[in-house]
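Reviewing the structure listed below.
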Amino acid sequence: MNYIGISNDNLEKVAKKLNELLSSYSVYYQNLRSFHWHVKGRDFFDIHELFESLYNDAKLKIDEIAERILTINHKPLGSMTDYLVDSSIKEAKDVLPAEEMAKVILTNHKILISQMREVLEIAGEVKDEGTVDVVSGFLSHLEKESWILNAWTERKGSKA
Ligand SMILES: [Fe+2]
C-alpha cells in the first residue's frame, strides 16, 4: 500500500537522489576511517579523535538515509560496487599529512552539502516533507561540522 500518498513516479525521483547521497556518504565514511587509522604526527590526537566522531556520526546518517528510502517504498543500494558508481565522492587512497586529510574531508563535505540541497529541491517539488525534514537536519549539522573542521585547519595554518 502507498501509505505516503505521493505518486510512485515522484517518490522514485526522490529515492534516486537519496541513493546518490547514500553512496557518497558511504565512500565518505570509509575515507574517514582510513584517515583515522593513517593519520600521523604532532596533531595525531586531535585529528584521530575528530575523524572518529565524524565517522560515528556518518554511520548514523547512512542508516537514516537508507531507511528513509525504504520508508518511501524504494530500495537502498547496499554494495560498495554500487556506491562507487553512484558516489560523487572519490575514494581517498593516499596517506596524506593531517592538514591535507582535513582538506579532503572538507571537500567531501562540500559535495555532501550540495547533494543534500539537491535532495531537498526534488523532495520539496513533490511535497515529500518527510524527506525534507530528515535531510534538512543533516544539512545544518554537516555545515556546523564543517565549520569545526575548517577552524581546526586555520589554527593549524596560523601555527606554521
Ligand atoms: Fe579507532
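Lettering and numbering for the C-alpha cells are positional, with chains as A, B, ... in the shown order, residues counted from 1 in each chain, and ligands counted from 1 in the shown order.
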Pick out the residues no farther than 12 Å from ligand 1, counting only C-alpha atoms and all ligand atoms, and list them as a short mmCIF file (atom, residue, chain, number, x, y, z; two decimals) with C-alpha atoms, in the first residue's frame.
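Listing of selection21.cif after writing:
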data_model
loop_
_atom_site.label_atom_id
_atom_site.label_comp_id
_atom_site.auth_asym_id
_atom_site.auth_seq_id
_atom_site.Cartn_x
_atom_site.Cartn_y
_atom_site.Cartn_z
CA LEU A 32 37.18 8.98 7.42
CA ARG A 33 38.01 5.51 8.72
CA SER A 34 41.13 5.33 6.60
CA PHE A 35 42.26 8.80 7.69
CA HIS A 36 41.53 7.93 11.35
CA TRP A 37 43.88 4.94 11.02
CA HIS A 38 46.62 6.54 8.97
CA VAL A 39 46.99 9.99 10.47
CA PHE A 44 47.59 12.84 15.88
CA PHE A 45 45.29 13.02 18.91
CA ILE A 47 42.56 14.72 14.25
CA HIS A 48 42.38 10.99 15.08
CA GLU A 49 39.53 11.75 17.52
CA LEU A 50 37.86 14.25 15.22
CA PHE A 51 37.71 11.76 12.34
CA GLU A 52 36.31 9.14 14.70
CA SER A 53 33.50 11.42 15.84
CA LEU A 54 32.74 12.28 12.19
CA TYR A 55 32.57 8.65 11.06
CA ASN A 56 30.40 7.68 14.03
#
All helix (DSSP H, G or I) positions in chain A, as a ChimeraX atom specification: /A:8-38,44-71,80-86,98-125,129-159
Gap from atom CA of A:Glu64 to atom CA of A:Asn19 - Å, one decimal: 11.7 Å
A:Ser26 environment, 9 Å, only C-alpha atoms, sequence neighbours closer than 5 positions dropped, as a count of residues only: 9
Counting only C-alpha atoms, the option among A:Leu60, A:Ala123, A:Leu96, A:Val104 closest to A:Tyr25: A:Leu60
Residues within 10 Å of A:Leu139, only C-alpha atoms, excluding chain neighbours under 2 positions, as a ChimeraX atom specification: /A:109,112-117,120,134-137,141-145
Would you save the residues of that selection, restricted to C-alpha atoms, as a PDB file, in the first residue's frame?
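Written out: again21.pdb:
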ATOM      1  CA  HIS A 109      31.506  17.843   2.999  1.00  0.00           C
ATOM      2  CA  LEU A 112      27.532  16.151   0.503  1.00  0.00           C
ATOM      3  CA  ILE A 113      26.058  19.578   1.296  1.00  0.00           C
ATOM      4  CA  SER A 114      25.411  20.206  -2.384  1.00  0.00           C
ATOM      5  CA  GLN A 115      23.810  16.758  -2.799  1.00  0.00           C
ATOM      6  CA  MET A 116      21.610  17.361   0.245  1.00  0.00           C
ATOM      7  CA  ARG A 117      20.371  20.580  -1.344  1.00  0.00           C
ATOM      8  CA  LEU A 120      15.720  18.986  -0.689  1.00  0.00           C
ATOM      9  CA  VAL A 134      15.217  14.232   7.602  1.00  0.00           C
ATOM     10  CA  VAL A 135      17.701  15.828   5.200  1.00  0.00           C
ATOM     11  CA  SER A 136      17.414  19.453   6.314  1.00  0.00           C
ATOM     12  CA  GLY A 137      18.545  18.438   9.826  1.00  0.00           C
ATOM     13  CA  HIS A 141      24.548  19.649  11.167  1.00  0.00           C
ATOM     14  CA  LEU A 142      27.108  18.922   8.437  1.00  0.00           C
ATOM     15  CA  GLU A 143      27.553  22.652   7.842  1.00  0.00           C
ATOM     16  CA  LYS A 144      28.374  23.013  11.553  1.00  0.00           C
ATOM     17  CA  GLU A 145      30.808  20.077  11.497  1.00  0.00           C
TER      18      GLU A 145
END
Counting only C-alpha atoms, what is within 10 Å of A:Lys75, bar same-chain residues fewer than 6 positions away, as an mmCIF file with C-alpha atoms, in the first residue's frame?
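Saved result, around_7.cif, follows:
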data_model
loop_
_atom_site.group_PDB
_atom_site.id
_atom_site.type_symbol
_atom_site.label_atom_id
_atom_site.label_comp_id
_atom_site.auth_asym_id
_atom_site.auth_seq_id
_atom_site.Cartn_x
_atom_site.Cartn_y
_atom_site.Cartn_z
ATOM 1 C CA GLU A 12 11.253 7.317 -7.371
ATOM 2 C CA ALA A 15 14.747 7.780 -3.933
ATOM 3 C CA LYS A 16 17.226 8.154 -6.812
ATOM 4 C CA ASN A 19 20.606 6.718 -3.210
ATOM 5 C CA ALA A 66 18.774 4.032 3.734
ATOM 6 C CA GLU A 67 15.735 3.677 5.993
ATOM 7 C CA ARG A 68 14.135 6.797 4.519
ATOM 8 C CA ILE A 69 14.470 5.183 1.060
#
Within 7 Å of A:Ile89 using only C-alpha atoms, minus same-chain residues under 2 positions, as an NGL selection string: :A and (24 or 27-28 or 87 or 91 or 108)
Output file for the residues above (C-alpha atoms, as a CSV table (one decimal), in the first residue's frame):
chain,number,residue,atom,x,y,z
A,24,SER,CA,28.5,9.4,-1.4
A,27,VAL,CA,32.5,6.5,0.5
A,28,TYR,CA,33.0,9.5,2.8
A,87,SER,CA,29.0,8.3,-5.4
A,91,GLU,CA,37.9,7.1,-2.5
A,108,ASN,CA,33.8,15.8,0.8
